[in-house]
file run.txt (compact mmCIF, C-alpha atoms)
# COMPACT_ATOMS: atom_id res chain seq x y z
CA MET A 1 71.17 90.50 118.24
CA LYS A 2 71.84 87.83 115.65
CA ALA A 3 73.39 84.42 116.20
CA LEU A 4 77.05 83.89 115.52
CA MET A 5 75.95 82.34 112.21
CA GLN A 6 72.59 82.27 110.46
CA ILE A 7 72.02 79.92 107.54
CA GLY A 8 68.93 80.65 105.46
CA PHE A 9 67.05 78.07 103.39
CA ALA A 10 64.37 78.64 100.75
CA GLY A 11 62.30 76.25 98.68
CA SER A 12 60.37 73.03 99.06
CA TYR A 13 60.27 70.47 101.89
CA LYS A 14 63.55 70.33 103.80
CA CYS A 15 62.65 69.57 107.44
CA ASP A 16 64.70 66.38 107.47
CA LEU A 17 67.68 68.11 105.86
CA LEU A 18 67.70 70.84 108.52
CA LEU A 19 67.34 68.29 111.32
CA TYR A 20 70.34 66.31 110.06
CA LEU A 21 72.43 69.48 109.86
CA ALA A 22 71.27 70.76 113.24
CA ARG A 23 71.87 67.42 114.96
CA THR A 24 75.41 67.30 113.58
CA VAL A 25 76.23 70.86 114.65
CA LEU A 26 74.76 70.08 118.08
CA ALA A 27 77.00 66.99 118.36
CA ALA A 28 79.96 69.28 117.62
CA GLY A 29 79.17 71.21 120.80
CA LYS A 30 77.38 74.19 119.27
CA LYS A 31 74.17 75.79 120.56
CA VAL A 32 71.79 75.40 117.67
CA ALA A 33 68.20 76.21 116.72
CA ILE A 34 65.86 75.94 113.75
CA VAL A 35 63.46 78.77 112.90
CA ASP A 36 60.28 78.00 110.98
CA ALA A 37 59.61 81.10 108.87
CA VAL A 38 57.62 79.17 106.26
CA ASP A 39 54.25 80.60 105.27
CA ASP A 40 52.38 77.35 105.95
CA ASP A 41 52.34 74.90 108.86
CA ILE A 42 54.70 72.28 107.45
CA TRP A 43 56.96 72.25 110.51
CA SER A 44 54.05 71.95 112.94
CA TYR A 45 53.02 68.77 111.15
CA SER A 46 56.55 67.42 110.64
CA VAL A 47 57.75 67.31 114.25
CA PRO A 48 55.87 66.37 117.45
CA VAL A 49 54.20 69.47 118.89
CA TYR A 50 52.62 69.48 122.35
CA LEU A 51 49.93 71.83 123.66
CA ASP A 52 50.34 74.23 120.74
CA ASN A 53 53.82 75.22 121.91
CA LYS A 54 55.54 77.80 119.74
CA ILE A 55 58.97 76.60 120.81
CA VAL A 56 59.61 72.87 120.87
CA THR A 57 62.74 70.88 121.56
CA TYR A 58 62.89 67.95 119.21
CA SER A 59 65.83 65.57 119.23
CA ASP A 60 67.60 68.12 121.46
CA VAL A 61 67.19 70.89 118.86
CA ASP A 62 65.15 74.02 119.69
CA ILE A 63 62.61 74.74 116.95
CA TYR A 64 60.77 78.07 116.79
CA LEU A 65 57.43 77.46 115.08
CA GLY A 66 55.20 79.86 113.20
CA CYS A 67 57.68 82.72 112.73
CA LYS A 68 56.13 83.59 109.38
CA THR A 69 55.89 87.35 110.01
CA ALA A 70 58.38 89.99 111.10
CA GLU A 71 56.53 90.42 114.40
CA TYR A 72 57.23 86.87 115.56
CA TYR A 73 60.61 86.55 113.85
CA GLU A 74 62.07 89.57 115.61
CA GLU A 75 61.07 88.23 119.03
CA ILE A 76 63.58 85.39 118.73
CA LYS A 77 66.72 85.77 120.85
CA PHE A 78 69.16 84.67 118.18
CA ASN A 79 72.16 85.53 120.34
CA ASN A 80 71.33 82.54 122.57
CA TYR A 81 72.70 80.30 119.82
CA ASP A 82 75.92 79.75 117.91
CA ILE A 83 74.23 78.62 114.70
CA VAL A 84 70.63 79.10 113.58
CA PHE A 85 69.07 77.41 110.55
CA VAL A 86 66.16 79.44 109.16
CA ASP A 87 63.62 77.84 106.84
CA PHE A 88 61.90 80.54 104.76
CA GLY A 89 60.15 78.07 102.47
CA PHE A 90 58.47 80.14 99.76
CA ASN A 91 57.58 82.99 102.13
CA LYS A 92 58.21 86.02 99.93
CA ASN A 93 57.11 88.37 102.71
CA MET A 94 60.16 87.30 104.74
CA SER A 95 62.69 87.25 101.91
CA ASN A 96 64.37 90.43 103.16
CA TYR A 97 65.39 88.59 106.33
CA MET A 98 67.38 86.15 104.22
CA ASN A 99 69.69 89.08 103.52
CA GLN A 100 70.72 88.92 107.18
CA CYS A 101 71.88 85.32 106.83
CA ASP A 102 75.53 84.45 106.44
CA SER A 103 74.79 81.66 103.96
CA VAL A 104 71.91 81.12 101.53
CA ILE A 105 70.71 77.69 100.37
CA MET A 106 68.00 77.07 97.77
CA VAL A 107 66.28 73.65 97.76
CA THR A 108 63.83 72.12 95.32
CA ASP A 109 62.78 68.84 93.77
CA ILE A 110 61.78 68.69 90.10
CA GLU A 111 58.03 69.07 90.61
CA ARG A 112 56.93 71.95 88.43
CA SER A 113 54.93 73.64 91.19
CA ASN A 114 57.94 73.74 93.53
CA VAL A 115 60.34 74.91 90.84
CA LEU A 116 58.04 77.77 89.84
CA LYS A 117 57.34 78.75 93.45
CA LEU A 118 61.07 78.89 94.11
CA ARG A 119 61.50 81.05 91.01
CA GLU A 120 58.98 83.52 92.44
CA TYR A 121 60.76 83.49 95.78
CA ILE A 122 64.11 84.19 94.12
CA LYS A 123 62.59 87.20 92.36
CA ALA A 124 61.32 88.53 95.68
CA PHE A 125 64.69 87.87 97.33
CA ILE A 126 66.58 89.76 94.64
CA ALA A 127 64.12 92.66 94.86
CA SER A 128 64.18 92.81 98.67
CA GLU A 129 65.68 95.71 100.57
CA GLY A 130 69.40 95.38 101.21
CA PHE A 131 69.87 92.49 98.79
CA GLY A 132 73.54 91.65 98.34
CA ARG A 133 74.85 94.65 100.27
CA LYS A 134 76.83 92.67 102.82
CA TYR A 135 78.41 90.70 99.98
CA THR A 136 79.76 93.83 98.28
CA VAL A 137 83.53 93.73 97.89
CA ASN A 138 84.07 96.54 95.39
CA THR A 139 85.86 99.63 96.63
CA SER A 140 85.97 103.11 95.22
CA GLU A 141 89.13 104.98 94.32
CA ASP A 142 89.38 106.49 97.80
CA GLY A 143 89.28 103.01 99.35
CA LYS A 144 85.75 103.24 100.75
CA GLU A 145 83.38 100.32 100.37
CA SER A 146 80.97 100.66 97.50
CA GLU A 147 77.24 100.73 98.15
CA ASN A 148 76.48 98.94 94.88
CA LYS A 149 74.77 95.59 95.16
CA SER A 150 76.76 92.60 94.00
CA GLN A 151 76.26 88.90 93.48
CA VAL A 152 75.11 86.72 96.36
CA ASP A 153 76.68 83.29 96.64
CA ILE A 154 74.18 80.49 97.10
CA ILE A 155 74.17 76.73 97.44
CA LYS A 156 71.61 75.00 95.23
CA ILE A 157 70.17 71.58 96.02
CA TYR A 158 68.00 69.38 93.83
CA ARG A 159 66.62 66.48 95.82
CA ASP A 160 64.55 63.40 95.02
CA VAL A 161 65.61 63.54 91.38
CA ILE A 162 64.46 60.64 89.20
CA GLY A 163 65.35 59.42 85.73
CA SER A 164 63.11 61.40 83.40
CA LYS A 165 63.23 63.55 80.29
CA ILE A 166 62.31 66.33 82.74
CA ASN A 167 65.74 66.74 84.28
CA THR A 168 67.59 69.36 86.30
CA ARG A 169 69.01 71.01 83.18
CA TYR A 170 65.47 71.72 82.05
CA THR A 171 64.24 72.86 85.47
CA ASP A 172 67.27 75.18 85.64
CA THR A 173 65.79 77.04 82.68
CA LEU A 174 62.52 77.40 84.61
CA LEU A 175 64.29 78.61 87.75
CA ASP A 176 65.93 81.35 85.70
CA ILE A 177 68.42 82.23 88.43
CA ASN A 178 69.31 85.86 87.96
CA GLU A 179 72.92 86.93 87.37
CA LYS A 180 72.73 88.44 90.85
CA LEU A 181 72.90 84.90 92.27
CA ASN A 182 76.14 82.97 92.00
CA VAL A 183 75.71 79.21 92.45
CA LEU A 184 78.77 78.43 94.52
CA MET A 185 77.91 74.77 95.10
CA GLU A 186 75.26 72.54 93.52
CA TYR A 187 74.01 69.13 94.62
CA ILE A 188 71.77 66.75 92.70
CA VAL A 189 70.51 64.03 95.03
CA GLN A 190 68.73 61.11 93.41
CA PHE A 191 65.53 59.74 94.92
CA ASP A 192 66.37 56.84 97.19
CA GLU A 193 63.99 54.72 99.24
CA ILE A 194 66.31 54.61 102.26
CA ASN A 195 66.72 58.40 102.23
CA TYR A 196 62.94 58.65 102.12
CA ARG A 197 62.60 56.26 105.04
CA CYS A 198 64.99 58.40 107.12
CA GLN A 199 62.91 61.44 106.17
CA ILE A 200 59.71 59.81 107.44
CA GLU A 201 61.34 58.56 110.64
CA SER A 202 62.63 62.07 111.37
CA GLN A 203 59.00 63.18 111.59
CA TYR A 204 57.98 60.65 114.22
CA ASN A 205 60.90 59.44 116.33
CA ASP A 206 62.41 61.65 119.02
CA ARG A 207 65.68 59.76 118.58
CA PHE A 208 66.10 59.01 114.90
CA ARG A 209 69.06 57.55 113.06
CA PHE A 210 70.29 58.68 109.67
CA ASP A 211 73.37 56.50 109.33
CA LYS A 212 71.80 54.71 106.35
CA LEU A 213 71.61 57.80 104.16
CA THR A 214 73.25 57.44 100.77
CA LYS A 215 76.88 58.44 100.45
CA ALA A 216 75.99 61.34 98.18
CA TYR A 217 73.56 62.72 100.74
CA LYS A 218 76.11 62.41 103.55
CA VAL A 219 78.81 64.12 101.50
CA MET A 220 76.41 66.98 100.81
CA LEU A 221 75.63 67.43 104.52
CA LEU A 222 79.31 67.43 105.49
CA GLU A 223 80.27 69.92 102.79
CA ILE A 224 77.41 72.29 103.64
CA ILE A 225 78.45 72.38 107.30
CA GLU A 226 82.09 72.92 106.36
CA SER A 227 81.18 75.69 103.92
CA CYS A 228 78.68 77.50 106.15
CA THR A 229 80.25 77.22 109.63
CA ASN A 230 83.62 77.67 111.28
CA LEU A 231 83.89 73.96 112.10
CA ASP A 232 86.82 72.07 110.60
CA ARG A 233 86.32 68.86 108.64
CA LYS A 234 87.78 66.62 111.34
CA SER A 235 85.35 67.96 113.95
CA ILE A 236 82.46 67.70 111.51
CA ASN A 237 83.22 64.08 110.65
CA LYS A 238 83.41 63.15 114.34
CA ALA A 239 80.17 64.97 115.15
CA PHE A 240 78.38 63.46 112.16
CA LYS A 241 79.27 59.92 113.20
CA LYS A 242 77.79 60.62 116.61
CA ALA A 243 74.67 62.37 115.31
CA GLU A 244 73.79 59.83 112.63
CA ARG A 245 73.61 57.05 115.25
CA GLY A 246 70.87 58.97 117.04
CA ASN A 247 72.92 59.49 120.20
call {"tool": "encode", "arguments": {"input": "run.txt", "output": "structure tokens"}}
result
Amino acid sequence: MKALMQIGFAGSYKCDLLLYLARTVLAAGKKVAIVDAVDDDIWSYSVPVYLDNKIVTYSDVDIYLGCKTAEYYEEIKFNNYDIVFVDFGFNKNMSNYMNQCDSVIMVTDIERSNVLKLREYIKAFIASEGFGRKYTVNTSEDGKESENKSQVDIIKIYRDVIGSKINTRYTDTLLDINEKLNVLMEYIVQFDEINYRCQIESQYNDRFRFDKLTKAYKVMLLEIIESCTNLDRKSINKAFKKAERGN
């Protein structure tokens, strides 16, 4: 059985982003987990792992490691949680499971390799079984729901953007997001040394602070939680203030 809400992420490195979101939702009183469905070991090297555990609790957030195949993914008891953040990375073999998520978020920086890998993932996602079916709102003349696939709303994030002639407008042309994907919200987060420091500290410190993140980054986090969960803005703001202090 699935969690009350599943939020799927695809693209390049986002461990810190998911930890900030998860810590905030946790501070709001929700049972929360992160699922590592990435096809490499990035999560195993980005959070402290002891004795090769497949489930670790880091900063009070349960993280399920190495769920890169359907066999391991389907063993997770999602119904133990209110909200689950799933990191699919560029794992095309698991793209069909993103169709089960209530919200879809695509993340990349402007490195060519990551942009092109995300493009390939998007193609696999669009081609996957059941794509867009739960988003269908068209009805036939007799009032029955149509089986036709429709657009899927996504949130798109560019992070660590720098001043360069290679900008997000150009990388958008490389991404070539199909008309089947509707970019509901887009964030362009500039590279910032303090943001990067928080990212590094999130990999090492069991209790890490992220109160020094840039305003743009914080606004993005708050709006994503408001858009993808049933939490109201007042509750989110209160929880975020608690979470960012590392309490």
call {"tool": "closest_residue", "arguments": {"input": "run.txt", "among": "A:Ser95, A:Ser202, A:Gln100, A:Thr69", "to": "A:Tyr45", "atoms": "all atoms listed in the file"}}
result
A:Ser202
call {"tool": "atom_distance", "arguments": {"input": "run.txt", "atom1": "atom CA of A:Gly8", "atom2": "atom CA of A:Tyr97"}}
result
8.7 Å
call {"tool": "atom_distance", "arguments": {"input": "run.txt", "atom1": "atom CA of A:Phe131", "atom2": "atom CA of A:Asn99"}}
result
5.8 Å
call {"tool": "residues_around", "arguments": {"input": "run.txt", "residues": "stretch 244-246 of chain A", "least_positions_apart": "4", "cutoff": "9 Å", "atoms": "only C-alpha atoms", "output": "PyMOL selection string"}}
result
chain A and resi 20+23-24+59+207-213+239-240
call {"tool": "atom_distance", "arguments": {"input": "run.txt", "atom1": "atom CA of A:Ser44", "atom2": "atom CA of A:Gln190"}}
result
26.7 Å
call {"tool": "build_atoms", "arguments": {"input": "run.txt", "residues": "stretch 201-230 of chain A", "atoms": "N, CA and C atoms", "output": "PDB file, in the coordinates of the input"}}
result
ATOM      1  N   GLU A 201      61.042  58.839 109.238  1.00  0.00           N
ATOM      2  CA  GLU A 201      61.340  58.560 110.640  1.00  0.00           C
ATOM      3  C   GLU A 201      61.705  59.829 111.398  1.00  0.00           C
ATOM      4  N   SER A 202      62.289  60.810 110.703  1.00  0.00           N
ATOM      5  CA  SER A 202      62.630  62.070 111.370  1.00  0.00           C
ATOM      6  C   SER A 202      61.398  62.842 111.805  1.00  0.00           C
ATOM      7  N   GLN A 203      60.244  62.505 111.238  1.00  0.00           N
ATOM      8  CA  GLN A 203      59.000  63.180 111.590  1.00  0.00           C
ATOM      9  C   GLN A 203      58.314  62.586 112.816  1.00  0.00           C
ATOM     10  N   TYR A 204      58.700  61.373 113.177  1.00  0.00           N
ATOM     11  CA  TYR A 204      57.980  60.650 114.220  1.00  0.00           C
ATOM     12  C   TYR A 204      58.822  60.307 115.446  1.00  0.00           C
ATOM     13  N   ASN A 205      60.091  59.995 115.249  1.00  0.00           N
ATOM     14  CA  ASN A 205      60.900  59.440 116.330  1.00  0.00           C
ATOM     15  C   ASN A 205      61.760  60.509 116.989  1.00  0.00           C
ATOM     16  N   ASP A 206      61.639  60.642 118.298  1.00  0.00           N
ATOM     17  CA  ASP A 206      62.410  61.650 119.020  1.00  0.00           C
ATOM     18  C   ASP A 206      63.901  61.394 118.874  1.00  0.00           C
ATOM     19  N   ARG A 207      64.290  60.136 118.823  1.00  0.00           N
ATOM     20  CA  ARG A 207      65.680  59.760 118.580  1.00  0.00           C
ATOM     21  C   ARG A 207      65.735  58.998 117.258  1.00  0.00           C
ATOM     22  N   PHE A 208      66.094  59.665 116.209  1.00  0.00           N
ATOM     23  CA  PHE A 208      66.100  59.010 114.900  1.00  0.00           C
ATOM     24  C   PHE A 208      67.527  58.888 114.386  1.00  0.00           C
ATOM     25  N   ARG A 209      67.758  57.832 113.657  1.00  0.00           N
ATOM     26  CA  ARG A 209      69.060  57.550 113.060  1.00  0.00           C
ATOM     27  C   ARG A 209      69.043  57.982 111.588  1.00  0.00           C
ATOM     28  N   PHE A 210      70.177  58.430 111.110  1.00  0.00           N
ATOM     29  CA  PHE A 210      70.290  58.680 109.670  1.00  0.00           C
ATOM     30  C   PHE A 210      71.621  58.165 109.134  1.00  0.00           C
ATOM     31  N   ASP A 211      72.105  57.095 109.763  1.00  0.00           N
ATOM     32  CA  ASP A 211      73.370  56.500 109.330  1.00  0.00           C
ATOM     33  C   ASP A 211      73.238  55.730 108.018  1.00  0.00           C
ATOM     34  N   LYS A 212      72.007  55.465 107.588  1.00  0.00           N
ATOM     35  CA  LYS A 212      71.800  54.710 106.350  1.00  0.00           C
ATOM     36  C   LYS A 212      71.617  55.610 105.129  1.00  0.00           C
ATOM     37  N   LEU A 213      71.721  56.897 105.306  1.00  0.00           N
ATOM     38  CA  LEU A 213      71.610  57.800 104.160  1.00  0.00           C
ATOM     39  C   LEU A 213      72.631  57.423 103.097  1.00  0.00           C
ATOM     40  N   THR A 214      72.312  57.730 101.851  1.00  0.00           N
ATOM     41  CA  THR A 214      73.250  57.440 100.770  1.00  0.00           C
ATOM     42  C   THR A 214      74.527  58.260 100.940  1.00  0.00           C
ATOM     43  N   LYS A 215      75.597  57.756 100.351  1.00  0.00           N
ATOM     44  CA  LYS A 215      76.880  58.440 100.450  1.00  0.00           C
ATOM     45  C   LYS A 215      76.811  59.851  99.904  1.00  0.00           C
ATOM     46  N   ALA A 216      76.098  60.020  98.790  1.00  0.00           N
ATOM     47  CA  ALA A 216      75.990  61.340  98.180  1.00  0.00           C
ATOM     48  C   ALA A 216      75.309  62.330  99.115  1.00  0.00           C
ATOM     49  N   TYR A 217      74.280  61.858  99.804  1.00  0.00           N
ATOM     50  CA  TYR A 217      73.560  62.720 100.740  1.00  0.00           C
ATOM     51  C   TYR A 217      74.466  63.111 101.902  1.00  0.00           C
ATOM     52  N   LYS A 218      75.215  62.138 102.433  1.00  0.00           N
ATOM     53  CA  LYS A 218      76.110  62.410 103.550  1.00  0.00           C
ATOM     54  C   LYS A 218      77.203  63.401 103.151  1.00  0.00           C
ATOM     55  N   VAL A 219      77.777  63.208 101.977  1.00  0.00           N
ATOM     56  CA  VAL A 219      78.810  64.120 101.500  1.00  0.00           C
ATOM     57  C   VAL A 219      78.264  65.540 101.416  1.00  0.00           C
ATOM     58  N   MET A 220      77.041  65.669 100.903  1.00  0.00           N
ATOM     59  CA  MET A 220      76.410  66.980 100.810  1.00  0.00           C
ATOM     60  C   MET A 220      76.283  67.631 102.186  1.00  0.00           C
ATOM     61  N   LEU A 221      75.800  66.885 103.170  1.00  0.00           N
ATOM     62  CA  LEU A 221      75.630  67.430 104.520  1.00  0.00           C
ATOM     63  C   LEU A 221      76.956  67.900 105.090  1.00  0.00           C
ATOM     64  N   LEU A 222      77.990  67.085 104.952  1.00  0.00           N
ATOM     65  CA  LEU A 222      79.310  67.430 105.490  1.00  0.00           C
ATOM     66  C   LEU A 222      79.860  68.682 104.818  1.00  0.00           C
ATOM     67  N   GLU A 223      79.710  68.773 103.506  1.00  0.00           N
ATOM     68  CA  GLU A 223      80.270  69.920 102.790  1.00  0.00           C
ATOM     69  C   GLU A 223      79.497  71.197 103.087  1.00  0.00           C
ATOM     70  N   ILE A 224      78.196  71.104 103.281  1.00  0.00           N
ATOM     71  CA  ILE A 224      77.410  72.290 103.640  1.00  0.00           C
ATOM     72  C   ILE A 224      77.855  72.820 104.997  1.00  0.00           C
ATOM     73  N   ILE A 225      78.019  71.934 105.964  1.00  0.00           N
ATOM     74  CA  ILE A 225      78.450  72.380 107.300  1.00  0.00           C
ATOM     75  C   ILE A 225      79.841  73.002 107.226  1.00  0.00           C
ATOM     76  N   GLU A 226      80.740  72.374 106.478  1.00  0.00           N
ATOM     77  CA  GLU A 226      82.090  72.920 106.360  1.00  0.00           C
ATOM     78  C   GLU A 226      82.084  74.277 105.685  1.00  0.00           C
ATOM     79  N   SER A 227      81.238  74.440 104.669  1.00  0.00           N
ATOM     80  CA  SER A 227      81.180  75.690 103.920  1.00  0.00           C
ATOM     81  C   SER A 227      80.519  76.824 104.705  1.00  0.00           C
ATOM     82  N   CYS A 228      79.520  76.477 105.536  1.00  0.00           N
ATOM     83  CA  CYS A 228      78.680  77.500 106.150  1.00  0.00           C
ATOM     84  C   CYS A 228      78.982  77.773 107.626  1.00  0.00           C
ATOM     85  N   THR A 229      79.906  77.017 108.223  1.00  0.00           N
ATOM     86  CA  THR A 229      80.250  77.220 109.630  1.00  0.00           C
ATOM     87  C   THR A 229      81.761  77.335 109.779  1.00  0.00           C
ATOM     88  N   ASN A 230      82.186  77.581 111.003  1.00  0.00           N
ATOM     89  CA  ASN A 230      83.620  77.670 111.280  1.00  0.00           C
ATOM     90  C   ASN A 230      84.187  76.351 111.803  1.00  0.00           C
TER      91      ASN A 230
END
